[in-house]
Amino acid sequence: MTPIESAERALRRSAPLIAVSLLLIAVVYVRAMGFTPPDVKQGMAQKIFYIHVPSAWVGFLGFLMVGVASVVYLIRKNPVVDLFAASAAEVGMMFTTVVLITGPIWGRSAWGAWWNWDIRLTSTLFLWFVVLAYLVLRSGVIDPGQRARYSAVLGILGAALVPFVFLSIYLFRQDRMQHPGPVVIKAGGPTLPGSMLATLLFSLAVFTLFFAALLWRRFALARLADARAH
C-alpha cells in the first residue's frame, strides 16, 4: 500500500469515529442538563463544567503529545513524527481555545467578572500563546528540516508548561481562592456528588475519544499532503 493510499484509508476510517464522538457529546449534555443536578451555589451555570474540564484535559494531552513527539523527532529525525507533533498541536490548540472561551463564560457567572488574573488562567493563556507561536513558526519556515528542528524545541518548551498549569491549583493559595479548587484529584478522594462525578467521567471519556478521532484525521491529512508533495 502506498503512503497516499494509507492516508486516504485513514481518512475514510476516521469519519465514522468523529460522527460517533459528536453523537456521544450530545449524550453528555443530555445527561448533564436532564439527569445531573445543578450546583448548589452556581445553579445551571455550572453545567459548562462538563465541556470546560474535558476540553482542558484533552488540550493538555495534545500538548504533551507534541512534547514527546518532538523529543522523538530530535532523536530519530523521522519526518512522520514531526507531522504527528504538528497535528497534535493543532488539535490541542482547538480544545484549549474552547477552554479559554468557556472559562470566562463560567467565570462571569461564578465571580461576576469575565477574567481573573490568577495563576491557572494566566498560565493557560501563556501556554496557548506558546502553541500559537509553534504553529506560526511552522508556517513561516520553508526548509522542512529546519522547520521540524525549530518546532521540536518550541514544542518541548510548551509541553514543559503543562505540568505547571495542572499543578498550579494545588501550589498557589491565591489561585485556589479565585479558581475553583480540585474536586476529583485531591486528598480524601473526589468531593463531587456521585451523579456529577459519573457525568464528568463520562464526558472525559467522550472528549478523549473525540480528540483521538480528530487527531487521527488531522494526521492522515498531513500525511496525505506530504505524500502528494513528494
# chains A, B, ... in the order shown; residues from 1 in each chain; ligands from 1
$ select_by_dssp --residues "stretch 35-196 of chain A" --states "helix (DSSP H, G or I)" --output "CSV table (one decimal) with N, CA, C and O atoms, in the first residue's frame"
chain,number,residue,atom,x,y,z
A,44,MET,N,-27.5,26.4,37.3
A,44,MET,CA,-27.3,25.9,36.0
A,44,MET,C,-26.0,26.3,35.3
A,44,MET,O,-25.5,25.6,34.4
A,45,ALA,N,-25.4,27.4,35.7
A,45,ALA,CA,-24.2,27.9,35.1
A,45,ALA,C,-23.1,26.9,35.2
A,45,ALA,O,-22.2,26.8,34.4
A,46,GLN,N,-23.1,26.0,36.3
A,46,GLN,CA,-22.1,25.1,36.5
A,46,GLN,C,-22.1,24.0,35.4
A,46,GLN,O,-21.1,23.3,35.3
A,47,LYS,N,-23.1,23.9,34.6
A,47,LYS,CA,-23.2,22.8,33.6
A,47,LYS,C,-22.1,22.9,32.6
A,47,LYS,O,-21.7,22.0,31.9
A,48,ILE,N,-21.5,24.1,32.4
A,48,ILE,CA,-20.4,24.3,31.4
A,48,ILE,C,-19.2,23.6,31.9
A,48,ILE,O,-18.3,23.3,31.1
A,49,PHE,N,-19.2,23.2,33.1
A,49,PHE,CA,-18.1,22.4,33.7
A,49,PHE,C,-17.8,21.1,32.9
A,49,PHE,O,-16.7,20.7,32.7
A,50,TYR,N,-18.9,20.5,32.3
A,50,TYR,CA,-18.8,19.3,31.6
A,50,TYR,C,-18.3,19.4,30.1
A,50,TYR,O,-18.0,18.5,29.4
A,51,ILE,N,-18.0,20.7,29.7
A,51,ILE,CA,-17.3,21.0,28.5
A,51,ILE,C,-15.9,21.5,28.8
A,51,ILE,O,-14.9,21.1,28.3
A,52,HIS,N,-15.9,22.4,29.8
A,52,HIS,CA,-14.6,23.1,30.2
A,52,HIS,C,-13.6,22.2,30.6
A,52,HIS,O,-12.4,22.2,30.1
A,53,VAL,N,-13.9,21.3,31.6
A,53,VAL,CA,-12.8,20.4,32.1
A,53,VAL,C,-12.4,19.4,31.1
A,53,VAL,O,-11.2,19.2,31.0
A,54,PRO,N,-13.3,18.7,30.4
A,54,PRO,CA,-12.8,17.7,29.5
A,54,PRO,C,-12.0,18.4,28.3
A,54,PRO,O,-11.0,17.8,27.8
A,55,SER,N,-12.3,19.6,27.9
A,55,SER,CA,-11.6,20.3,26.9
A,55,SER,C,-10.2,20.6,27.4
A,55,SER,O,-9.2,20.5,26.6
A,56,ALA,N,-10.1,21.0,28.7
A,56,ALA,CA,-8.7,21.2,29.2
A,56,ALA,C,-7.9,19.9,29.3
A,56,ALA,O,-6.7,20.0,28.9
A,57,TRP,N,-8.5,18.9,29.7
A,57,TRP,CA,-7.8,17.6,29.7
A,57,TRP,C,-7.2,17.2,28.4
A,57,TRP,O,-6.0,16.9,28.3
A,58,VAL,N,-8.1,17.2,27.3
A,58,VAL,CA,-7.6,16.7,26.0
A,58,VAL,C,-6.7,17.8,25.4
A,58,VAL,O,-5.7,17.4,24.6
A,59,GLY,N,-6.9,19.1,25.7
A,59,GLY,CA,-6.0,20.1,25.2
A,59,GLY,C,-4.6,19.9,25.7
A,59,GLY,O,-3.6,19.9,25.0
A,60,PHE,N,-4.5,19.7,27.0
A,60,PHE,CA,-3.2,19.4,27.7
A,60,PHE,C,-2.6,18.1,27.2
A,60,PHE,O,-1.4,18.0,27.0
A,61,LEU,N,-3.4,17.1,27.0
A,61,LEU,CA,-2.9,15.8,26.4
A,61,LEU,C,-2.3,16.0,25.1
A,61,LEU,O,-1.2,15.5,24.8
A,62,GLY,N,-2.9,16.8,24.2
A,62,GLY,CA,-2.4,17.1,22.9
A,62,GLY,C,-1.0,17.8,23.0
A,62,GLY,O,-0.1,17.4,22.3
A,63,PHE,N,-0.8,18.7,23.9
A,63,PHE,CA,0.4,19.4,24.1
A,63,PHE,C,1.5,18.5,24.6
A,63,PHE,O,2.7,18.6,24.3
A,64,LEU,N,1.1,17.6,25.5
A,64,LEU,CA,2.1,16.6,26.0
A,64,LEU,C,2.6,15.7,24.9
A,64,LEU,O,3.7,15.3,24.8
A,65,MET,N,1.6,15.3,24.0
A,65,MET,CA,2.0,14.5,22.8
A,65,MET,C,3.0,15.3,21.9
A,65,MET,O,3.9,14.7,21.3
A,66,VAL,N,2.7,16.6,21.8
A,66,VAL,CA,3.7,17.4,21.0
A,66,VAL,C,5.1,17.3,21.6
A,66,VAL,O,6.1,17.1,20.8
A,67,GLY,N,5.2,17.4,22.9
A,67,GLY,CA,6.5,17.3,23.5
A,67,GLY,C,7.2,16.0,23.3
A,67,GLY,O,8.3,15.9,23.0
A,68,VAL,N,6.4,14.9,23.5
A,68,VAL,CA,7.0,13.6,23.4
A,68,VAL,C,7.4,13.4,21.9
A,68,VAL,O,8.5,12.9,21.7
A,69,ALA,N,6.6,13.7,21.0
A,69,ALA,CA,6.9,13.5,19.6
A,69,ALA,C,8.1,14.4,19.2
A,69,ALA,O,8.9,14.0,18.3
A,70,SER,N,8.2,15.6,19.8
A,70,SER,CA,9.3,16.5,19.5
A,70,SER,C,10.6,15.9,19.9
A,70,SER,O,11.7,15.9,19.2
A,71,VAL,N,10.6,15.3,21.1
A,71,VAL,CA,11.8,14.6,21.6
A,71,VAL,C,12.2,13.4,20.7
A,71,VAL,O,13.4,13.3,20.3
A,72,VAL,N,11.2,12.7,20.3
A,72,VAL,CA,11.5,11.5,19.4
A,72,VAL,C,12.0,12.0,18.1
A,72,VAL,O,12.9,11.4,17.5
A,73,TYR,N,11.5,13.1,17.6
A,73,TYR,CA,12.0,13.6,16.3
A,73,TYR,C,13.4,14.0,16.4
A,73,TYR,O,14.2,13.7,15.5
A,74,LEU,N,13.8,14.7,17.5
A,74,LEU,CA,15.2,15.2,17.6
A,74,LEU,C,16.1,14.0,17.7
A,74,LEU,O,17.3,14.1,17.3
A,75,ILE,N,15.7,12.9,18.2
A,75,ILE,CA,16.5,11.7,18.3
A,75,ILE,C,16.5,10.9,17.0
A,75,ILE,O,17.6,10.5,16.5
A,76,ARG,N,15.3,10.7,16.4
A,76,ARG,CA,15.2,9.8,15.2
A,76,ARG,C,15.2,10.6,13.9
A,76,ARG,O,15.5,10.0,12.8
A,79,PRO,N,10.5,12.4,9.7
A,79,PRO,CA,9.6,13.5,9.4
A,79,PRO,C,8.1,13.1,9.7
A,79,PRO,O,7.3,14.0,9.9
A,80,VAL,N,7.8,11.8,9.7
A,80,VAL,CA,6.4,11.5,10.0
A,80,VAL,C,6.1,11.8,11.5
A,80,VAL,O,5.0,12.3,11.8
A,81,VAL,N,7.1,11.7,12.4
A,81,VAL,CA,6.9,12.1,13.8
A,81,VAL,C,6.7,13.6,13.9
A,81,VAL,O,5.9,14.0,14.7
A,82,ASP,N,7.4,14.3,13.1
A,82,ASP,CA,7.2,15.8,13.0
A,82,ASP,C,5.8,16.1,12.6
A,82,ASP,O,5.1,17.0,13.2
A,83,LEU,N,5.3,15.4,11.6
A,83,LEU,CA,3.9,15.6,11.1
A,83,LEU,C,2.9,15.3,12.3
A,83,LEU,O,1.9,16.0,12.4
A,84,PHE,N,3.2,14.3,13.0
A,84,PHE,CA,2.3,13.9,14.1
A,84,PHE,C,2.3,15.0,15.2
A,84,PHE,O,1.2,15.4,15.7
A,85,ALA,N,3.5,15.5,15.5
A,85,ALA,CA,3.6,16.6,16.5
A,85,ALA,C,2.8,17.8,16.1
A,85,ALA,O,2.0,18.4,16.9
A,86,ALA,N,2.9,18.2,14.8
A,86,ALA,CA,2.1,19.3,14.3
A,86,ALA,C,0.6,19.1,14.4
A,86,ALA,O,-0.1,20.0,14.7
A,87,SER,N,0.2,17.9,14.0
A,87,SER,CA,-1.2,17.6,14.1
A,87,SER,C,-1.7,17.6,15.5
A,87,SER,O,-2.8,18.2,15.8
A,88,ALA,N,-1.0,17.1,16.5
A,88,ALA,CA,-1.4,17.1,17.9
A,88,ALA,C,-1.5,18.6,18.4
A,88,ALA,O,-2.3,18.9,19.2
A,89,ALA,N,-0.5,19.4,17.9
A,89,ALA,CA,-0.6,20.8,18.3
A,89,ALA,C,-1.8,21.5,17.8
A,89,ALA,O,-2.5,22.3,18.6
A,90,GLU,N,-2.2,21.3,16.6
A,90,GLU,CA,-3.4,21.9,16.0
A,90,GLU,C,-4.7,21.4,16.8
A,90,GLU,O,-5.5,22.3,17.1
A,91,VAL,N,-4.8,20.2,17.0
A,91,VAL,CA,-6.0,19.7,17.7
A,91,VAL,C,-6.0,20.1,19.2
A,91,VAL,O,-7.0,20.6,19.7
A,92,GLY,N,-4.8,20.1,19.8
A,92,GLY,CA,-4.8,20.6,21.2
A,92,GLY,C,-5.1,22.0,21.3
A,92,GLY,O,-5.7,22.5,22.2
A,93,MET,N,-4.6,22.8,20.3
A,93,MET,CA,-4.9,24.2,20.3
A,93,MET,C,-6.4,24.5,20.2
A,93,MET,O,-7.0,25.4,20.8
A,94,MET,N,-7.1,23.7,19.4
A,94,MET,CA,-8.6,23.8,19.2
A,94,MET,C,-9.3,23.7,20.6
A,94,MET,O,-10.1,24.5,21.0
A,95,PHE,N,-8.9,22.6,21.3
A,95,PHE,CA,-9.6,22.3,22.6
A,95,PHE,C,-9.2,23.4,23.6
A,95,PHE,O,-10.0,23.8,24.5
A,96,THR,N,-8.0,23.8,23.6
A,96,THR,CA,-7.6,24.9,24.6
A,96,THR,C,-8.2,26.2,24.3
A,96,THR,O,-8.5,27.0,25.2
A,97,THR,N,-8.5,26.5,23.1
A,97,THR,CA,-9.3,27.6,22.7
A,97,THR,C,-10.7,27.5,23.3
A,97,THR,O,-11.3,28.5,23.8
A,98,VAL,N,-11.3,26.3,23.3
A,98,VAL,CA,-12.6,26.1,23.9
A,98,VAL,C,-12.5,26.4,25.4
A,98,VAL,O,-13.4,27.0,26.0
A,99,VAL,N,-11.4,26.0,26.0
A,99,VAL,CA,-11.2,26.2,27.5
A,99,VAL,C,-11.2,27.7,27.7
A,99,VAL,O,-11.8,28.2,28.7
A,100,LEU,N,-10.5,28.5,26.9
A,100,LEU,CA,-10.3,29.9,27.1
A,100,LEU,C,-11.6,30.7,26.8
A,100,LEU,O,-11.7,31.8,27.2
A,101,ILE,N,-12.5,30.0,26.1
A,101,ILE,CA,-13.8,30.7,25.8
A,101,ILE,C,-14.8,30.3,26.9
A,101,ILE,O,-15.5,31.2,27.4
A,102,THR,N,-14.9,29.0,27.3
A,102,THR,CA,-15.9,28.6,28.3
A,102,THR,C,-15.5,29.1,29.7
A,102,THR,O,-16.4,29.3,30.5
A,103,GLY,N,-14.2,29.2,29.9
A,103,GLY,CA,-13.8,29.7,31.3
A,103,GLY,C,-14.3,31.0,31.6
A,103,GLY,O,-14.9,31.2,32.7
A,104,PRO,N,-14.1,32.0,30.8
A,104,PRO,CA,-14.7,33.4,31.1
A,104,PRO,C,-16.2,33.4,31.2
A,104,PRO,O,-16.8,34.1,32.0
A,105,ILE,N,-16.9,32.6,30.4
A,105,ILE,CA,-18.3,32.5,30.4
A,105,ILE,C,-18.8,31.9,31.8
A,105,ILE,O,-19.7,32.5,32.5
A,106,TRP,N,-18.1,30.9,32.2
A,106,TRP,CA,-18.4,30.3,33.6
A,106,TRP,C,-18.0,31.3,34.7
A,106,TRP,O,-18.7,31.5,35.6
A,107,GLY,N,-16.8,32.0,34.5
A,107,GLY,CA,-16.3,32.9,35.5
A,107,GLY,C,-17.2,34.1,35.7
A,107,GLY,O,-17.4,34.6,36.8
A,108,ARG,N,-17.9,34.5,34.6
A,108,ARG,CA,-18.8,35.7,34.7
A,108,ARG,C,-19.9,35.4,35.6
A,108,ARG,O,-20.4,36.3,36.4
A,109,SER,N,-20.4,34.1,35.6
A,109,SER,CA,-21.5,33.8,36.5
A,109,SER,C,-21.0,33.5,37.9
A,109,SER,O,-21.6,33.9,38.9
A,110,ALA,N,-19.8,32.9,38.0
A,110,ALA,CA,-19.3,32.4,39.3
A,110,ALA,C,-18.7,33.6,40.1
A,110,ALA,O,-18.8,33.7,41.3
A,119,ILE,N,-3.2,32.3,38.7
A,119,ILE,CA,-2.1,31.5,38.0
A,119,ILE,C,-2.6,30.5,37.0
A,119,ILE,O,-2.1,30.4,35.9
A,120,ARG,N,-3.7,29.9,37.3
A,120,ARG,CA,-4.3,28.9,36.4
A,120,ARG,C,-4.7,29.5,35.1
A,120,ARG,O,-4.3,29.0,34.0
A,121,LEU,N,-5.4,30.6,35.1
A,121,LEU,CA,-5.9,31.2,33.9
A,121,LEU,C,-4.7,31.8,33.1
A,121,LEU,O,-4.6,31.7,31.9
A,122,THR,N,-3.8,32.5,33.8
A,122,THR,CA,-2.7,33.2,33.2
A,122,THR,C,-1.8,32.2,32.5
A,122,THR,O,-1.4,32.4,31.4
A,123,SER,N,-1.5,31.1,33.2
A,123,SER,CA,-0.6,30.1,32.7
A,123,SER,C,-1.2,29.4,31.5
A,123,SER,O,-0.5,29.0,30.5
A,124,THR,N,-2.5,29.1,31.5
A,124,THR,CA,-3.2,28.5,30.4
A,124,THR,C,-3.1,29.4,29.2
A,124,THR,O,-2.9,29.0,28.0
A,125,LEU,N,-3.4,30.7,29.4
A,125,LEU,CA,-3.3,31.7,28.3
A,125,LEU,C,-1.9,31.7,27.7
A,125,LEU,O,-1.7,31.8,26.5
A,126,PHE,N,-0.9,31.7,28.6
A,126,PHE,CA,0.5,31.7,28.1
A,126,PHE,C,0.8,30.5,27.3
A,126,PHE,O,1.5,30.6,26.3
A,127,LEU,N,0.4,29.3,27.8
A,127,LEU,CA,0.6,28.1,27.0
A,127,LEU,C,-0.1,28.2,25.6
A,127,LEU,O,0.5,27.8,24.6
A,128,TRP,N,-1.3,28.8,25.6
A,128,TRP,CA,-2.0,28.9,24.3
A,128,TRP,C,-1.1,29.8,23.3
A,128,TRP,O,-1.0,29.5,22.2
A,129,PHE,N,-0.5,30.8,23.9
A,129,PHE,CA,0.3,31.7,23.0
A,129,PHE,C,1.6,31.0,22.6
A,129,PHE,O,2.1,31.2,21.4
A,130,VAL,N,2.2,30.1,23.4
A,130,VAL,CA,3.3,29.3,23.0
A,130,VAL,C,3.0,28.4,21.9
A,130,VAL,O,3.8,28.3,20.9
A,131,VAL,N,1.8,27.7,22.0
A,131,VAL,CA,1.4,26.8,20.9
A,131,VAL,C,1.1,27.6,19.6
A,131,VAL,O,1.4,27.2,18.5
A,132,LEU,N,0.5,28.8,19.8
A,132,LEU,CA,0.3,29.7,18.6
A,132,LEU,C,1.6,30.0,18.0
A,132,LEU,O,1.7,30.0,16.7
A,133,ALA,N,2.6,30.3,18.8
A,133,ALA,CA,3.9,30.6,18.2
A,133,ALA,C,4.5,29.4,17.5
A,133,ALA,O,5.1,29.5,16.4
A,134,TYR,N,4.2,28.2,18.0
A,134,TYR,CA,4.7,27.0,17.4
A,134,TYR,C,4.1,26.8,16.0
A,134,TYR,O,4.7,26.5,15.0
A,135,LEU,N,2.8,27.1,15.9
A,135,LEU,CA,2.1,26.9,14.6
A,135,LEU,C,2.5,28.0,13.6
A,135,LEU,O,2.6,27.8,12.4
A,136,VAL,N,2.7,29.3,14.1
A,136,VAL,CA,3.2,30.3,13.3
A,136,VAL,C,4.6,30.0,12.7
A,136,VAL,O,4.9,30.2,11.6
A,137,LEU,N,5.4,29.5,13.6
A,137,LEU,CA,6.8,29.1,13.2
A,137,LEU,C,6.7,28.1,12.1
A,137,LEU,O,7.5,28.2,11.1
A,138,ARG,N,5.9,27.1,12.2
A,138,ARG,CA,5.8,26.1,11.2
A,138,ARG,C,5.3,26.6,9.9
A,138,ARG,O,5.7,26.1,8.8
A,139,SER,N,4.5,27.6,9.9
A,139,SER,CA,4.0,28.2,8.6
A,139,SER,C,5.0,29.2,8.1
A,139,SER,O,4.9,29.6,6.9
A,140,GLY,N,6.0,29.7,8.9
A,140,GLY,CA,7.0,30.7,8.4
A,140,GLY,C,8.3,30.2,8.0
A,140,GLY,O,9.1,30.9,7.3
A,144,PRO,N,12.1,22.1,5.3
A,144,PRO,CA,11.4,21.1,6.2
A,144,PRO,C,12.2,20.7,7.4
A,144,PRO,O,11.7,20.6,8.5
A,145,GLY,N,13.5,20.4,7.2
A,145,GLY,CA,14.3,20.0,8.3
A,145,GLY,C,14.5,21.1,9.3
A,145,GLY,O,14.4,20.8,10.5
A,146,GLN,N,14.8,22.3,8.9
A,146,GLN,CA,14.9,23.4,9.8
A,146,GLN,C,13.6,23.7,10.6
A,146,GLN,O,13.6,23.9,11.8
A,147,ARG,N,12.5,23.6,9.8
A,147,ARG,CA,11.2,23.8,10.5
A,147,ARG,C,10.9,22.8,11.5
A,147,ARG,O,10.5,23.1,12.6
A,148,ALA,N,11.2,21.6,11.2
A,148,ALA,CA,11.0,20.5,12.2
A,148,ALA,C,11.8,20.6,13.4
A,148,ALA,O,11.4,20.4,14.6
A,149,ARG,N,13.1,21.0,13.3
A,149,ARG,CA,14.0,21.2,14.4
A,149,ARG,C,13.6,22.3,15.3
A,149,ARG,O,13.5,22.2,16.5
A,150,TYR,N,13.3,23.5,14.7
A,150,TYR,CA,12.9,24.6,15.5
A,150,TYR,C,11.6,24.4,16.2
A,150,TYR,O,11.4,24.7,17.4
A,151,SER,N,10.7,23.7,15.5
A,151,SER,CA,9.3,23.4,16.1
A,151,SER,C,9.5,22.5,17.2
A,151,SER,O,8.8,22.6,18.2
A,152,ALA,N,10.4,21.5,17.1
A,152,ALA,CA,10.6,20.5,18.1
A,152,ALA,C,11.0,21.2,19.4
A,152,ALA,O,10.5,20.8,20.5
A,153,VAL,N,11.9,22.1,19.3
A,153,VAL,CA,12.4,22.8,20.5
A,153,VAL,C,11.3,23.6,21.2
A,153,VAL,O,11.1,23.5,22.4
A,154,LEU,N,10.5,24.3,20.4
A,154,LEU,CA,9.4,25.1,21.0
A,154,LEU,C,8.3,24.1,21.5
A,154,LEU,O,7.7,24.4,22.5
A,155,GLY,N,8.1,23.0,20.8
A,155,GLY,CA,7.1,22.1,21.3
A,155,GLY,C,7.5,21.5,22.6
A,155,GLY,O,6.6,21.3,23.5
A,156,ILE,N,8.7,21.2,22.8
A,156,ILE,CA,9.2,20.7,24.1
A,156,ILE,C,9.0,21.7,25.2
A,156,ILE,O,8.5,21.4,26.3
A,157,LEU,N,9.3,23.0,24.9
A,157,LEU,CA,9.1,24.0,25.9
A,157,LEU,C,7.6,24.2,26.3
A,157,LEU,O,7.3,24.4,27.5
A,158,GLY,N,6.8,24.1,25.3
A,158,GLY,CA,5.3,24.2,25.6
A,158,GLY,C,4.8,23.1,26.4
A,158,GLY,O,4.1,23.3,27.4
A,159,ALA,N,5.3,21.8,26.1
A,159,ALA,CA,4.9,20.7,26.9
A,159,ALA,C,5.3,20.8,28.3
A,159,ALA,O,4.6,20.3,29.2
A,160,ALA,N,6.5,21.4,28.5
A,160,ALA,CA,7.0,21.5,29.9
A,160,ALA,C,6.1,22.4,30.7
A,160,ALA,O,6.2,22.3,32.0
A,161,LEU,N,5.3,23.3,30.1
A,161,LEU,CA,4.4,24.1,30.9
A,161,LEU,C,3.2,23.4,31.4
A,161,LEU,O,2.5,23.8,32.3
A,162,VAL,N,2.8,22.3,30.7
A,162,VAL,CA,1.6,21.6,31.1
A,162,VAL,C,1.5,21.2,32.5
A,162,VAL,O,0.5,21.4,33.2
A,163,PRO,N,2.6,20.5,33.1
A,163,PRO,CA,2.5,20.1,34.5
A,163,PRO,C,2.4,21.3,35.4
A,163,PRO,O,1.6,21.2,36.4
A,164,PHE,N,3.0,22.4,35.1
A,164,PHE,CA,2.9,23.6,35.9
A,164,PHE,C,1.4,24.1,35.9
A,164,PHE,O,0.9,24.5,36.9
A,165,VAL,N,0.8,24.2,34.7
A,165,VAL,CA,-0.6,24.6,34.6
A,165,VAL,C,-1.5,23.7,35.5
A,165,VAL,O,-2.3,24.2,36.2
A,166,PHE,N,-1.3,22.4,35.3
A,166,PHE,CA,-2.1,21.5,36.0
A,166,PHE,C,-1.9,21.6,37.6
A,166,PHE,O,-2.9,21.6,38.3
A,167,LEU,N,-0.7,21.7,38.0
A,167,LEU,CA,-0.4,21.7,39.4
A,167,LEU,C,-0.6,23.1,40.1
A,167,LEU,O,-0.6,23.2,41.3
A,168,SER,N,-0.8,24.1,39.3
A,168,SER,CA,-0.9,25.5,39.9
A,168,SER,C,-2.1,25.6,40.9
A,168,SER,O,-2.0,26.3,41.9
A,169,ILE,N,-3.1,24.9,40.7
A,169,ILE,CA,-4.3,24.9,41.6
A,169,ILE,C,-4.0,24.3,42.9
A,169,ILE,O,-4.6,24.7,43.9
A,170,TYR,N,-2.9,23.5,43.0
A,170,TYR,CA,-2.5,22.9,44.2
A,170,TYR,C,-1.4,23.7,44.9
A,170,TYR,O,-1.2,23.6,46.1
A,171,LEU,N,-0.6,24.4,44.1
A,171,LEU,CA,0.6,25.1,44.6
A,171,LEU,C,0.4,26.5,45.1
A,171,LEU,O,1.1,27.0,45.9
A,173,ARG,N,-2.0,29.3,46.8
A,173,ARG,CA,-3.2,29.5,47.6
A,173,ARG,C,-4.1,30.6,47.0
A,173,ARG,O,-5.3,30.4,46.9
A,174,GLN,N,-3.5,31.7,46.5
A,174,GLN,CA,-4.3,32.7,45.9
A,174,GLN,C,-5.1,32.2,44.7
A,174,GLN,O,-6.2,32.6,44.5
A,175,ASP,N,-4.5,31.3,43.9
A,175,ASP,CA,-5.2,30.7,42.8
A,175,ASP,C,-6.4,30.0,43.2
A,175,ASP,O,-7.5,30.0,42.6
A,176,ARG,N,-6.2,29.2,44.3
A,176,ARG,CA,-7.4,28.4,44.8
A,176,ARG,C,-8.5,29.3,45.3
A,176,ARG,O,-9.7,28.9,45.3
A,177,MET,N,-8.2,30.5,45.8
A,177,MET,CA,-9.2,31.4,46.3
A,177,MET,C,-10.1,32.0,45.1
A,177,MET,O,-11.2,32.4,45.3
A,178,GLN,N,-9.5,32.0,43.9
A,178,GLN,CA,-10.3,32.5,42.8
A,178,GLN,C,-10.8,31.4,41.9
A,178,GLN,O,-12.0,31.3,41.6
A,194,GLY,N,-22.1,11.8,43.5
A,194,GLY,CA,-22.0,10.7,42.6
A,194,GLY,C,-22.4,10.9,41.2
A,194,GLY,O,-21.8,10.5,40.2
A,195,SER,N,-23.6,11.5,41.0
A,195,SER,CA,-24.1,11.7,39.7
A,195,SER,C,-23.3,12.7,38.9
A,195,SER,O,-23.1,12.6,37.7
A,196,MET,N,-22.8,13.8,39.6
A,196,MET,CA,-21.9,14.7,38.9
A,196,MET,C,-20.6,14.1,38.5
A,196,MET,O,-20.1,14.3,37.4
$ atom_distance --atom1 "atom CA of A:His230" --atom2 "atom CA of A:Ile142"
15.0 Å
$ atom_distance --atom1 "atom CA of A:Met33" --atom2 "atom CA of A:Leu200"
12.4 Å
$ residues_around --residues "A:Phe210" --least-positions-apart "2" --cutoff "8 Å" --atoms "only C-alpha atoms" --output "list of chain:residue names"
A:Leu17, A:Ile18, A:Ser21, A:Leu22, A:Val206, A:Phe207, A:Thr208, A:Ala212, A:Ala213, A:Leu214
$ closest_residue --among "A:Thr199, A:Thr2, A:Gln42, A:Asn116" --to "A:Tyr29" --atoms "only C-alpha atoms"
A:Thr199
$ residues_around --residues "A:Leu221" --least-positions-apart "4" --cutoff "8 Å" --atoms "only C-alpha atoms" --output "count of residues only"
4
$ closest_residue --among "A:Pro37, A:Ala113, A:Glu5, A:Leu204" --to "A:Leu24" --atoms "only C-alpha atoms"
A:Leu204
$ atom_distance --atom1 "atom CA of A:Ser203" --atom2 "atom CA of A:Phe35"
13.6 Å
